[in-house]
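Chemist: Contents of data-v8.pdb (PDB, C-alpha atoms and all ligand atoms):
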ATOM      1  CA  MET L   1      51.847  80.063   7.591  1.00  0.00           C
ATOM      2  CA  SER L   2      54.131  78.277  10.047  1.00  0.00           C
ATOM      3  CA  LEU L   3      53.017  75.909  12.777  1.00  0.00           C
ATOM      4  CA  GLU L   4      53.902  78.622  15.296  1.00  0.00           C
ATOM      5  CA  GLN L   5      51.560  81.070  13.571  1.00  0.00           C
ATOM      6  CA  ALA L   6      48.803  78.422  13.625  1.00  0.00           C
ATOM      7  CA  LYS L   7      49.293  78.086  17.377  1.00  0.00           C
ATOM      8  CA  GLN L   8      49.212  81.840  17.804  1.00  0.00           C
ATOM      9  CA  VAL L   9      45.920  82.414  15.970  1.00  0.00           C
ATOM     10  CA  ALA L  10      44.197  79.688  17.993  1.00  0.00           C
ATOM     11  CA  ALA L  11      45.538  81.076  21.269  1.00  0.00           C
ATOM     12  CA  TYR L  12      44.600  84.675  20.502  1.00  0.00           C
ATOM     13  CA  ARG L  13      41.071  83.694  19.469  1.00  0.00           C
ATOM     14  CA  ALA L  14      40.479  81.694  22.663  1.00  0.00           C
ATOM     15  CA  VAL L  15      41.795  84.422  24.963  1.00  0.00           C
ATOM     16  CA  ASP L  16      39.715  87.065  23.171  1.00  0.00           C
ATOM     17  CA  GLU L  17      36.538  85.016  23.396  1.00  0.00           C
ATOM     18  CA  TYR L  18      36.856  83.536  26.860  1.00  0.00           C
ATOM     19  CA  VAL L  19      38.899  85.682  29.240  1.00  0.00           C
ATOM     20  CA  LYS L  20      36.786  88.289  31.049  1.00  0.00           C
ATOM     21  CA  ASN L  21      37.487  91.069  33.512  1.00  0.00           C
ATOM     22  CA  ASN L  22      37.551  90.138  37.236  1.00  0.00           C
ATOM     23  CA  SER L  23      37.980  86.464  36.513  1.00  0.00           C
ATOM     24  CA  ILE L  24      40.110  83.554  37.629  1.00  0.00           C
ATOM     25  CA  PHE L  25      42.041  82.081  34.719  1.00  0.00           C
ATOM     26  CA  GLY L  26      43.812  78.712  34.555  1.00  0.00           C
ATOM     27  CA  VAL L  27      47.039  78.865  32.577  1.00  0.00           C
ATOM     28  CA  GLY L  28      47.885  75.635  30.774  1.00  0.00           C
ATOM     29  CA  SER L  29      51.345  74.455  29.737  1.00  0.00           C
ATOM     30  CA  GLY L  30      53.265  74.009  26.513  1.00  0.00           C
ATOM     31  CA  SER L  31      54.315  76.056  23.521  1.00  0.00           C
ATOM     32  CA  THR L  32      50.803  77.123  22.407  1.00  0.00           C
ATOM     33  CA  VAL L  33      49.962  78.503  25.829  1.00  0.00           C
ATOM     34  CA  VAL L  34      52.903  80.895  25.512  1.00  0.00           C
ATOM     35  CA  TYR L  35      50.836  82.804  22.925  1.00  0.00           C
ATOM     36  CA  ALA L  36      47.756  82.760  25.158  1.00  0.00           C
ATOM     37  CA  VAL L  37      49.665  84.382  28.009  1.00  0.00           C
ATOM     38  CA  GLN L  38      51.194  86.883  25.589  1.00  0.00           C
ATOM     39  CA  ARG L  39      47.697  87.853  24.386  1.00  0.00           C
ATOM     40  CA  LEU L  40      46.350  88.048  27.925  1.00  0.00           C
ATOM     41  CA  ALA L  41      49.201  90.381  28.900  1.00  0.00           C
ATOM     42  CA  GLU L  42      48.350  92.630  25.937  1.00  0.00           C
ATOM     43  CA  ARG L  43      44.677  92.720  26.931  1.00  0.00           C
ATOM     44  CA  VAL L  44      45.457  93.388  30.597  1.00  0.00           C
ATOM     45  CA  GLU L  45      47.557  96.347  29.477  1.00  0.00           C
ATOM     46  CA  THR L  46      45.153  97.813  26.909  1.00  0.00           C
ATOM     47  CA  GLU L  47      41.809  96.992  28.560  1.00  0.00           C
ATOM     48  CA  ASN L  48      42.963  97.330  32.167  1.00  0.00           C
ATOM     49  CA  LEU L  49      41.628  93.862  33.009  1.00  0.00           C
ATOM     50  CA  ARG L  50      42.004  92.270  36.419  1.00  0.00           C
ATOM     51  CA  VAL L  51      42.626  88.553  35.911  1.00  0.00           C
ATOM     52  CA  THR L  52      44.079  86.189  38.499  1.00  0.00           C
ATOM     53  CA  CYS L  53      46.138  83.419  36.886  1.00  0.00           C
ATOM     54  CA  ILE L  54      46.434  79.903  38.287  1.00  0.00           C
ATOM     55  CA  PRO L  55      49.418  77.992  36.828  1.00  0.00           C
ATOM     56  CA  THR L  56      49.404  74.321  35.779  1.00  0.00           C
ATOM     57  CA  SER L  57      53.187  73.904  35.900  1.00  0.00           C
ATOM     58  CA  PHE L  58      56.493  75.535  36.724  1.00  0.00           C
ATOM     59  CA  GLN L  59      56.572  76.747  33.107  1.00  0.00           C
ATOM     60  CA  ALA L  60      53.133  78.367  33.423  1.00  0.00           C
ATOM     61  CA  LYS L  61      54.123  80.055  36.681  1.00  0.00           C
ATOM     62  CA  GLN L  62      57.231  81.475  35.029  1.00  0.00           C
ATOM     63  CA  LEU L  63      55.133  82.805  32.131  1.00  0.00           C
ATOM     64  CA  ILE L  64      52.717  84.523  34.526  1.00  0.00           C
ATOM     65  CA  ILE L  65      55.576  86.127  36.430  1.00  0.00           C
ATOM     66  CA  LYS L  66      57.415  87.153  33.245  1.00  0.00           C
ATOM     67  CA  HIS L  67      54.334  89.017  31.975  1.00  0.00           C
ATOM     68  CA  ASN L  68      53.648  90.688  35.341  1.00  0.00           C
ATOM     69  CA  LEU L  69      50.239  89.042  35.607  1.00  0.00           C
ATOM     70  CA  ILE L  70      48.528  88.315  38.912  1.00  0.00           C
ATOM     71  CA  LEU L  71      49.708  84.941  40.224  1.00  0.00           C
ATOM     72  CA  GLY L  72      47.102  83.001  42.181  1.00  0.00           C
ATOM     73  CA  GLU L  73      46.855  79.510  43.665  1.00  0.00           C
ATOM     74  CA  LEU L  74      44.140  76.921  44.169  1.00  0.00           C
ATOM     75  CA  GLU L  75      44.328  77.305  47.941  1.00  0.00           C
ATOM     76  CA  THR L  76      42.829  80.779  47.685  1.00  0.00           C
ATOM     77  CA  ASN L  77      41.069  80.378  44.309  1.00  0.00           C
ATOM     78  CA  PRO L  78      39.666  76.838  44.202  1.00  0.00           C
ATOM     79  CA  GLU L  79      37.107  77.772  41.534  1.00  0.00           C
ATOM     80  CA  ILE L  80      38.458  78.804  38.157  1.00  0.00           C
ATOM     81  CA  ASP L  81      36.299  80.502  35.533  1.00  0.00           C
ATOM     82  CA  VAL L  82      38.135  79.319  32.476  1.00  0.00           C
ATOM     83  CA  THR L  83      41.326  77.399  31.754  1.00  0.00           C
ATOM     84  CA  ILE L  84      43.029  77.554  28.381  1.00  0.00           C
ATOM     85  CA  ASP L  85      45.477  74.740  27.705  1.00  0.00           C
ATOM     86  CA  GLY L  86      47.200  72.961  24.853  1.00  0.00           C
ATOM     87  CA  ALA L  87      46.772  69.302  23.907  1.00  0.00           C
ATOM     88  CA  ASP L  88      48.727  66.633  22.107  1.00  0.00           C
ATOM     89  CA  GLU L  89      45.630  65.240  20.420  1.00  0.00           C
ATOM     90  CA  VAL L  90      41.887  65.952  20.440  1.00  0.00           C
ATOM     91  CA  ASP L  91      39.443  63.397  19.044  1.00  0.00           C
ATOM     92  CA  PHE L  92      35.895  63.846  17.739  1.00  0.00           C
ATOM     93  CA  GLN L  93      34.447  63.157  21.218  1.00  0.00           C
ATOM     94  CA  MET L  94      36.659  65.914  22.655  1.00  0.00           C
ATOM     95  CA  THR L  95      38.780  63.359  24.499  1.00  0.00           C
ATOM     96  CA  LEU L  96      42.272  64.719  24.910  1.00  0.00           C
ATOM     97  CA  ILE L  97      45.739  63.309  25.206  1.00  0.00           C
ATOM     98  CA  LYS L  98      47.802  65.675  27.311  1.00  0.00           C
ATOM     99  CA  GLY L  99      51.146  65.484  29.041  1.00  0.00           C
ATOM    100  CA  GLY L 100      53.557  65.709  26.119  1.00  0.00           C
ATOM    101  CA  GLY L 101      55.326  68.307  28.230  1.00  0.00           C
ATOM    102  CA  GLY L 102      54.981  66.223  31.383  1.00  0.00           C
ATOM    103  CA  CYS L 103      52.549  68.557  33.179  1.00  0.00           C
ATOM    104  CA  LEU L 104      49.444  66.352  33.063  1.00  0.00           C
ATOM    105  CA  LEU L 105      48.833  66.065  36.791  1.00  0.00           C
ATOM    106  CA  GLN L 106      48.621  69.761  37.610  1.00  0.00           C
ATOM    107  CA  GLU L 107      46.880  70.383  34.284  1.00  0.00           C
ATOM    108  CA  LYS L 108      44.167  67.901  35.204  1.00  0.00           C
ATOM    109  CA  ILE L 109      43.795  69.269  38.732  1.00  0.00           C
ATOM    110  CA  VAL L 110      43.366  72.795  37.394  1.00  0.00           C
ATOM    111  CA  ALA L 111      41.012  71.603  34.622  1.00  0.00           C
ATOM    112  CA  ALA L 112      38.871  69.793  37.188  1.00  0.00           C
ATOM    113  CA  CYS L 113      38.578  73.025  39.190  1.00  0.00           C
ATOM    114  CA  SER L 114      37.506  74.982  36.093  1.00  0.00           C
ATOM    115  CA  LYS L 115      33.992  75.804  34.983  1.00  0.00           C
ATOM    116  CA  THR L 116      35.256  75.707  31.407  1.00  0.00           C
ATOM    117  CA  LEU L 117      38.280  74.050  29.796  1.00  0.00           C
ATOM    118  CA  ILE L 118      39.270  75.344  26.354  1.00  0.00           C
ATOM    119  CA  VAL L 119      41.953  73.733  24.210  1.00  0.00           C
ATOM    120  CA  ILE L 120      44.179  75.662  21.834  1.00  0.00           C
ATOM    121  CA  ALA L 121      46.267  73.831  19.271  1.00  0.00           C
ATOM    122  CA  ASP L 122      47.575  73.807  15.745  1.00  0.00           C
ATOM    123  CA  TYR L 123      45.847  71.705  13.091  1.00  0.00           C
ATOM    124  CA  THR L 124      48.146  68.675  13.624  1.00  0.00           C
ATOM    125  CA  LYS L 125      46.415  67.926  16.929  1.00  0.00           C
ATOM    126  CA  ASP L 126      42.955  67.618  15.373  1.00  0.00           C
ATOM    127  CA  SER L 127      42.142  63.951  15.112  1.00  0.00           C
ATOM    128  CA  LYS L 128      39.239  61.624  14.401  1.00  0.00           C
ATOM    129  CA  LYS L 129      40.459  58.930  16.780  1.00  0.00           C
ATOM    130  CA  LEU L 130      43.185  59.079  19.409  1.00  0.00           C
ATOM    131  CA  GLY L 131      46.348  57.697  17.877  1.00  0.00           C
ATOM    132  CA  ASP L 132      45.559  58.921  14.328  1.00  0.00           C
ATOM    133  CA  GLN L 133      47.899  61.896  14.702  1.00  0.00           C
ATOM    134  CA  TYR L 134      49.870  61.598  17.924  1.00  0.00           C
ATOM    135  CA  LYS L 135      52.180  58.619  17.953  1.00  0.00           C
ATOM    136  CA  LYS L 136      53.905  59.078  21.318  1.00  0.00           C
ATOM    137  CA  GLY L 137      51.091  57.479  23.284  1.00  0.00           C
ATOM    138  CA  ILE L 138      49.270  58.348  26.487  1.00  0.00           C
ATOM    139  CA  PRO L 139      51.411  59.664  29.327  1.00  0.00           C
ATOM    140  CA  ILE L 140      50.894  58.143  32.769  1.00  0.00           C
ATOM    141  CA  GLU L 141      52.445  59.883  35.783  1.00  0.00           C
ATOM    142  CA  VAL L 142      53.624  57.325  38.331  1.00  0.00           C
ATOM    143  CA  ILE L 143      55.344  57.077  41.696  1.00  0.00           C
ATOM    144  CA  PRO L 144      58.949  56.165  40.750  1.00  0.00           C
ATOM    145  CA  MET L 145      59.210  52.929  42.808  1.00  0.00           C
ATOM    146  CA  ALA L 146      56.177  51.479  41.003  1.00  0.00           C
ATOM    147  CA  TYR L 147      56.991  52.121  37.361  1.00  0.00           C
ATOM    148  CA  VAL L 148      57.786  48.504  36.404  1.00  0.00           C
ATOM    149  CA  PRO L 149      54.710  46.838  37.985  1.00  0.00           C
ATOM    150  CA  ILE L 150      52.482  49.593  36.564  1.00  0.00           C
ATOM    151  CA  LYS L 151      53.994  49.116  33.120  1.00  0.00           C
ATOM    152  CA  ASN L 152      53.363  45.342  33.260  1.00  0.00           C
ATOM    153  CA  LYS L 153      49.824  45.781  34.561  1.00  0.00           C
ATOM    154  CA  VAL L 154      48.776  48.279  31.879  1.00  0.00           C
ATOM    155  CA  ILE L 155      50.142  46.040  29.117  1.00  0.00           C
ATOM    156  CA  SER L 156      48.374  42.985  30.558  1.00  0.00           C
ATOM    157  CA  MET L 157      45.082  44.921  30.746  1.00  0.00           C
ATOM    158  CA  PHE L 158      45.090  46.789  27.429  1.00  0.00           C
ATOM    159  CA  GLY L 159      48.104  45.641  25.343  1.00  0.00           C
ATOM    160  CA  GLY L 160      50.477  47.970  23.540  1.00  0.00           C
ATOM    161  CA  GLN L 161      53.950  49.033  24.615  1.00  0.00           C
ATOM    162  CA  ILE L 162      55.237  51.288  27.366  1.00  0.00           C
ATOM    163  CA  LYS L 163      58.377  53.380  27.584  1.00  0.00           C
ATOM    164  CA  LEU L 164      59.739  55.154  30.626  1.00  0.00           C
ATOM    165  CA  ARG L 165      60.191  58.748  29.461  1.00  0.00           C
ATOM    166  CA  ASN L 166      63.844  59.730  29.471  1.00  0.00           C
ATOM    167  CA  ALA L 167      65.169  63.267  29.818  1.00  0.00           C
ATOM    168  CA  ILE L 168      67.920  63.007  27.256  1.00  0.00           C
ATOM    169  CA  ALA L 169      69.108  59.675  25.898  1.00  0.00           C
ATOM    170  CA  LYS L 170      70.661  57.699  28.779  1.00  0.00           C
ATOM    171  CA  ALA L 171      70.608  60.689  31.167  1.00  0.00           C
ATOM    172  CA  GLY L 172      67.861  59.154  33.264  1.00  0.00           C
ATOM    173  CA  PRO L 173      64.114  59.487  33.549  1.00  0.00           C
ATOM    174  CA  VAL L 174      62.140  62.697  33.253  1.00  0.00           C
ATOM    175  CA  VAL L 175      61.099  63.853  36.732  1.00  0.00           C
ATOM    176  CA  THR L 176      57.842  65.818  36.800  1.00  0.00           C
ATOM    177  CA  ASP L 177      57.066  69.019  38.730  1.00  0.00           C
ATOM    178  CA  ASN L 178      55.705  66.647  41.389  1.00  0.00           C
ATOM    179  CA  GLY L 179      58.783  64.418  41.617  1.00  0.00           C
ATOM    180  CA  ASN L 180      57.275  61.505  39.678  1.00  0.00           C
ATOM    181  CA  PHE L 181      58.164  59.529  36.534  1.00  0.00           C
ATOM    182  CA  ILE L 182      56.226  59.362  33.274  1.00  0.00           C
ATOM    183  CA  LEU L 183      55.370  56.226  31.343  1.00  0.00           C
ATOM    184  CA  ASP L 184      54.337  56.704  27.719  1.00  0.00           C
ATOM    185  CA  TRP L 185      51.830  54.042  26.760  1.00  0.00           C
ATOM    186  CA  ILE L 186      51.744  53.386  23.011  1.00  0.00           C
ATOM    187  CA  PHE L 187      48.344  51.762  22.739  1.00  0.00           C
ATOM    188  CA  SER L 188      47.590  49.373  19.894  1.00  0.00           C
ATOM    189  CA  ASP L 189      43.779  49.399  20.050  1.00  0.00           C
ATOM    190  CA  GLN L 190      42.267  52.713  18.950  1.00  0.00           C
ATOM    191  CA  ASP L 191      38.714  51.613  19.729  1.00  0.00           C
ATOM    192  CA  LEU L 192      39.077  51.370  23.485  1.00  0.00           C
ATOM    193  CA  ASP L 193      36.553  53.095  25.752  1.00  0.00           C
ATOM    194  CA  TRP L 194      38.792  55.868  27.051  1.00  0.00           C
ATOM    195  CA  GLU L 195      36.658  56.543  30.094  1.00  0.00           C
ATOM    196  CA  VAL L 196      37.003  52.912  31.183  1.00  0.00           C
ATOM    197  CA  VAL L 197      40.707  52.922  30.352  1.00  0.00           C
ATOM    198  CA  ASN L 198      41.294  56.084  32.356  1.00  0.00           C
ATOM    199  CA  LYS L 199      39.442  54.772  35.407  1.00  0.00           C
ATOM    200  CA  SER L 200      41.088  51.346  35.215  1.00  0.00           C
ATOM    201  CA  ILE L 201      44.616  52.712  34.967  1.00  0.00           C
ATOM    202  CA  LYS L 202      43.980  55.143  37.807  1.00  0.00           C
ATOM    203  CA  MET L 203      43.019  52.209  40.053  1.00  0.00           C
ATOM    204  CA  ILE L 204      46.533  50.703  39.791  1.00  0.00           C
ATOM    205  CA  PRO L 205      48.468  51.487  42.982  1.00  0.00           C
ATOM    206  CA  GLY L 206      51.247  53.966  42.229  1.00  0.00           C
ATOM    207  CA  VAL L 207      49.488  55.641  39.305  1.00  0.00           C
ATOM    208  CA  VAL L 208      49.142  59.327  40.070  1.00  0.00           C
ATOM    209  CA  GLU L 209      47.316  60.505  36.933  1.00  0.00           C
ATOM    210  CA  THR L 210      46.826  59.772  33.254  1.00  0.00           C
ATOM    211  CA  GLY L 211      47.046  62.159  30.322  1.00  0.00           C
ATOM    212  CA  LEU L 212      43.573  61.120  29.166  1.00  0.00           C
ATOM    213  CA  PHE L 213      41.098  63.974  29.626  1.00  0.00           C
ATOM    214  CA  VAL L 214      37.653  62.499  29.123  1.00  0.00           C
ATOM    215  CA  ARG L 215      34.540  64.721  29.102  1.00  0.00           C
ATOM    216  CA  MET L 216      36.482  67.676  30.447  1.00  0.00           C
ATOM    217  CA  CYS L 217      36.959  69.907  27.436  1.00  0.00           C
ATOM    218  CA  LYS L 218      34.187  72.178  26.235  1.00  0.00           C
ATOM    219  CA  LYS L 219      35.718  73.598  23.083  1.00  0.00           C
ATOM    220  CA  ALA L 220      38.870  73.387  20.977  1.00  0.00           C
ATOM    221  CA  TYR L 221      40.392  75.993  18.659  1.00  0.00           C
ATOM    222  CA  PHE L 222      42.684  74.638  15.943  1.00  0.00           C
ATOM    223  CA  GLY L 223      44.868  77.129  14.091  1.00  0.00           C
ATOM    224  CA  GLN L 224      44.992  76.266  10.368  1.00  0.00           C
ATOM    225  CA  PRO L 225      47.860  76.496   7.858  1.00  0.00           C
ATOM    226  CA  GLU L 226      46.165  79.411   6.033  1.00  0.00           C
ATOM    227  CA  GLY L 227      45.665  81.415   9.232  1.00  0.00           C
ATOM    228  CA  THR L 228      42.033  80.641   9.994  1.00  0.00           C
ATOM    229  CA  VAL L 229      40.780  78.942  13.143  1.00  0.00           C
ATOM    230  CA  VAL L 230      38.562  75.865  13.191  1.00  0.00           C
ATOM    231  CA  GLU L 231      36.393  75.450  16.285  1.00  0.00           C
ATOM    232  CA  ARG L 232      35.047  72.187  17.654  1.00  0.00           C
TER
HETATM  233  C1  LIG M 301      51.967  69.583  28.596  1.00  0.00           C
HETATM  234  C2  LIG M 301      50.791  69.505  27.708  1.00  0.00           C
HETATM  235  C3  LIG M 301      50.759  70.451  26.564  1.00  0.00           C
HETATM  236  O1  LIG M 301      49.643  71.263  26.677  1.00  0.00           O
HETATM  237  C4  LIG M 301      50.715  69.642  25.293  1.00  0.00           C
HETATM  238  O2  LIG M 301      51.864  68.811  25.261  1.00  0.00           O
HETATM  239  C5  LIG M 301      50.678  70.544  24.054  1.00  0.00           C
HETATM  240  O3  LIG M 301      51.849  71.278  23.976  1.00  0.00           O
HETATM  241  P1  LIG M 301      52.173  72.248  22.760  1.00  0.00           P
HETATM  242  O4  LIG M 301      51.244  73.412  22.866  1.00  0.00           O
HETATM  243  O5  LIG M 301      53.609  72.616  22.966  1.00  0.00           O
HETATM  244  O6  LIG M 301      51.965  71.475  21.496  1.00  0.00           O
HETATM  245  O7  LIG M 301      49.889  68.725  27.872  1.00  0.00           O
HETATM  246  O8  LIG M 301      51.906  68.609  29.584  1.00  0.00           O
END
Can I see the file as structure tokens?
Modeler:
Amino acid sequence: MSLEQAKQVAAYRAVDEYVKNNSIFGVGSGSTVVYAVQRLAERVETENLRVTCIPTSFQAKQLIIKHNLILGELETNPEIDVTIDGADEVDFQMTLIKGGGGCLLQEKIVAACSKTLIVIADYTKDSKKLGDQYKKGIPIEVIPMAYVPIKNKVISMFGGQIKLRNAIAKAGPVVTDNGNFILDWIFSDQDLDWEVVNKSIKMIPGVVETGLFVRMCKKAYFGQPEGTVVER
């Protein structure tokens, strides 16, 4: 089975188990979520479901529109029943690294408005400790003018290395859906208290959000190479 098929089985399982009729559904971002929206569209068609979809990114909004699903917004739907999203890494405490696709801010806002956050991923994202699998570090969304002082401050507090995320080599920095830059913090200490780290980094002026999701995720579905799904 390919990695894409592993993503698909996880996504289908989560949508089948968690999305109900007459509900508000948060649509995460990334390649695995594509399968979740595909499955939701099938279920809306065959089961005549009414589900209002709240996007976490421009990509998610485009997916909702493409599949003719009901597009909602937090202004009118501030309480979401369930959000299904991807992750770059999930540890044994259900702490997530998110933001590989640069959508961490809206993903965290939508997750925080959700009664339930479910992660869907292939088996490569399943990790004992953060950093075991995902080597690109923790994304930090920052106000552009502050990226250098924030970079220096994070390194002085917690060590490691930080790279400004670039769009394509030498073409300039990635600009998020919110007009900000992303720093990727390659941490060196895997035994940090991620709740403390998250709070401390968020206190630095100019930091908008981190890709650390601590105590937010209820359940994760990992698609396996042989086509089964492991739940945590
Ligand atoms: C985007 C994200 C994605 O959910 C995360 O990067 C996982 O993506 P994929 O499903 O493509 O592996 O956090 O900001």
Chemist: Which of these residues is nearest to ligand LIG 301 (chain M), using all atoms listed in the file: L:Val229, L:Val208, L:Ile138, L:Ile150?
Modeler: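 Once distances to ligand LIG 301 (chain M) are computed over all atoms listed in the file, the minimum belongs to L:Ile138.
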Chemist: When you count all atoms listed in the file, which of these residues is closest to ligand LIG 301 (chain M): L:Ala36, L:Val51, L:Leu63, L:Cys103?
Modeler: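 Of all the options, L:Cys103 lies closest to ligand LIG 301 (chain M).
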Chemist: Near Glu75 in chain L, counting all atoms listed in the file, which residues have an atom at most 12 Å away, once you skip same-chain residues fewer than 3 positions from it, shown as an MDAnalysis selection string?
Modeler: chainID L and resid 54 72 78:80 110 113
Chemist: Write out, as a short mmCIF file (atom, residue, chain, number, x, y, z; two decimals), keeping the file's coordinate frame, the residues just selected, with C-alpha atoms.
Modeler:
data_model
loop_
_atom_site.label_atom_id
_atom_site.label_comp_id
_atom_site.auth_asym_id
_atom_site.auth_seq_id
_atom_site.Cartn_x
_atom_site.Cartn_y
_atom_site.Cartn_z
CA ILE L 54 46.43 79.90 38.29
CA GLY L 72 47.10 83.00 42.18
CA PRO L 78 39.67 76.84 44.20
CA GLU L 79 37.11 77.77 41.53
CA ILE L 80 38.46 78.80 38.16
CA VAL L 110 43.37 72.80 37.39
CA CYS L 113 38.58 73.03 39.19
#
Chemist: Neighbours of ligand LIG 301 (chain M) within 7 Å, counting all atoms listed in the file, as a compact mmCIF listing (two decimals) with C-alpha atoms, keeping the file's coordinate frame?
Modeler:
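Writing the result to out38.txt gives the following:
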# COMPACT_ATOMS: atom_id res chain seq x y z
CA GLY L 28 47.88 75.64 30.77
CA SER L 29 51.34 74.46 29.74
CA GLY L 30 53.26 74.01 26.51
CA SER L 31 54.32 76.06 23.52
CA THR L 32 50.80 77.12 22.41
CA VAL L 33 49.96 78.50 25.83
CA ASP L 85 45.48 74.74 27.70
CA GLY L 86 47.20 72.96 24.85
CA ALA L 87 46.77 69.30 23.91
CA ASP L 88 48.73 66.63 22.11
CA LYS L 98 47.80 65.68 27.31
CA GLY L 99 51.15 65.48 29.04
CA GLY L 100 53.56 65.71 26.12
CA GLY L 101 55.33 68.31 28.23
CA GLY L 102 54.98 66.22 31.38
CA CYS L 103 52.55 68.56 33.18
CA LEU L 104 49.44 66.35 33.06
CA ALA L 121 46.27 73.83 19.27
Chemist: Pick out the residues sitting within 12 Å of Phe187 in chain L, and hand them over as a short mmCIF file (atom, residue, chain, number, x, y, z; two decimals) with C-alpha atoms, in the frame of the given file; count only C-alpha atoms, and ignore anything fewer than 4 positions along from it in its own chain.
Modeler:
data_model
loop_
_atom_site.label_atom_id
_atom_site.label_comp_id
_atom_site.auth_asym_id
_atom_site.auth_seq_id
_atom_site.Cartn_x
_atom_site.Cartn_y
_atom_site.Cartn_z
CA LEU L 130 43.18 59.08 19.41
CA GLY L 131 46.35 57.70 17.88
CA ASP L 132 45.56 58.92 14.33
CA TYR L 134 49.87 61.60 17.92
CA LYS L 135 52.18 58.62 17.95
CA LYS L 136 53.90 59.08 21.32
CA GLY L 137 51.09 57.48 23.28
CA ILE L 138 49.27 58.35 26.49
CA PRO L 139 51.41 59.66 29.33
CA VAL L 154 48.78 48.28 31.88
CA ILE L 155 50.14 46.04 29.12
CA SER L 156 48.37 42.98 30.56
CA MET L 157 45.08 44.92 30.75
CA PHE L 158 45.09 46.79 27.43
CA GLY L 159 48.10 45.64 25.34
CA GLY L 160 50.48 47.97 23.54
CA GLN L 161 53.95 49.03 24.62
CA ILE L 162 55.24 51.29 27.37
CA LYS L 163 58.38 53.38 27.58
CA LEU L 183 55.37 56.23 31.34
CA ASP L 191 38.71 51.61 19.73
CA LEU L 192 39.08 51.37 23.48
CA TRP L 194 38.79 55.87 27.05
CA VAL L 197 40.71 52.92 30.35
#
Chemist: Pick from L:Tyr123, L:Tyr147, L:Trp185, L:Phe222: nearest to Val207 in chain L, with only C-alpha atoms counted?
Modeler: L:Tyr147
Chemist: Please evaluate the PyMOL selection byres (((chain L and resi 204) around 10) and not hetatm) against the structure above and give the resulting residues as a PyMOL selection string.
Modeler: chain L and resi 142+146+149-150+153-154+199-203+205-208
Chemist: Any chance you could work out the residue set of the PyMOL selection byres (((chain L and resi 22) around 9) and not hetatm) here, as number ranges by chain?
Modeler: L: 20-21, 23-24, 49-52
Chemist: From the list L:Val175, L:Ile84, L:Met216, L:Cys53, which residue is nearest Ile118 in chain L when using all atoms listed in the file?
Modeler: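 Between L:Val175, L:Ile84, L:Met216, L:Cys53, the residue approaching Ile118 in chain L most closely is L:Ile84.
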Chemist: From the set L:Asn68, L:Ile120, L:Ala167, L:Gln224, which residue has the shortest atom-to-atom contact distance to Arg13 in chain L, counting all atoms listed in the file?
Modeler: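 Smallest separation from Arg13 in chain L among the options: L:Ile120.
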Chemist: With the file shown as input, list the residues that the PyMOL selection byres (((chain L and resi 180) around 7) and not hetatm) selects, as a PyMOL selection string.
Modeler: chain L and resi 141-144+175-176+178-179+181-182
Chemist: Could you pull the residues within 7 Å of Val82 in chain L, counting all atoms listed in the file, minus those fewer than 4 positions along the same chain, as a count of residues only?
Modeler: 7
Chemist: Kindly provide, as a list in words, the polymer residues lying within 8 Å of (48.2, 80.4, 16.1), counting only C-alpha atoms and using the coordinates exactly as they appear in the file.
Modeler: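 Within 8 Å of (48.2, 80.4, 16.1), the protein and nucleic acid residues are Leu3, Glu4, Gln5, Ala6, Lys7, Gln8, Val9, Ala10, Ala11, Tyr12, Thr32, Tyr35, Ala121, Asp122, Phe222, Gly223, Gln224 and Gly227 of chain L.
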Chemist: Compare L:Thr56, L:Leu69, L:Val148, L:Leu212 by their minimum atom-to-atom distance to Ile97 in chain L, counting all atoms listed in the file, and give me the closest one.
Modeler: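 Looking only at the distances to Ile97 in chain L, the closest residue turns out to be L:Leu212.
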Chemist: Could you state the separation of CA of Phe213 in chain L and CA of Ile64 in chain L in Å, given to one decimal place?
Modeler: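 Going from CA of Phe213 in chain L over to CA of Ile64 in chain L covers 24.1 Å.
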Chemist: Around all listed atoms of range 103-114 of chain L, padded 3 Å per side, what centre and edge lengths does the axis-aligned box have in Å to one decimal, as JSON?
Modeler:
{"center_x": 45.0, "center_y": 70.5, "center_z": 36.1, "size_x": 21.0, "size_y": 14.9, "size_z": 12.1}
Chemist: Skip Lys129 in chain L itself and residues of its chain fewer than 3 positions away, then list as a list in words all residues within 7 Å of it, counting all atoms listed in the file.
Modeler: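 Contacts, with the query itself left out: Asp91, Phe92, Asp132 and Gln190 of chain L.
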Chemist: Could you work out how far CA of Thr228 in chain L lies from CA of Ala111 in chain L, giving the answer in Å with one decimal?
Modeler: 26.3 Å
Chemist: Compile the contact shell of Asn198 in chain L as a PDB file with C-alpha atoms, in the frame of the given file: residues with an atom at most 10 Å away, counting only C-alpha atoms, same-chain residues fewer than 6 positions apart removed.
Modeler:
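The resulting selection_39.pdb:
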ATOM      1  CA  ILE L 140      50.894  58.143  32.769  1.00  0.00           C
ATOM      2  CA  GLU L 209      47.316  60.505  36.933  1.00  0.00           C
ATOM      3  CA  THR L 210      46.826  59.772  33.254  1.00  0.00           C
ATOM      4  CA  GLY L 211      47.046  62.159  30.322  1.00  0.00           C
ATOM      5  CA  LEU L 212      43.573  61.120  29.166  1.00  0.00           C
ATOM      6  CA  PHE L 213      41.098  63.974  29.626  1.00  0.00           C
ATOM      7  CA  VAL L 214      37.653  62.499  29.123  1.00  0.00           C
TER       8      VAL L 214
END
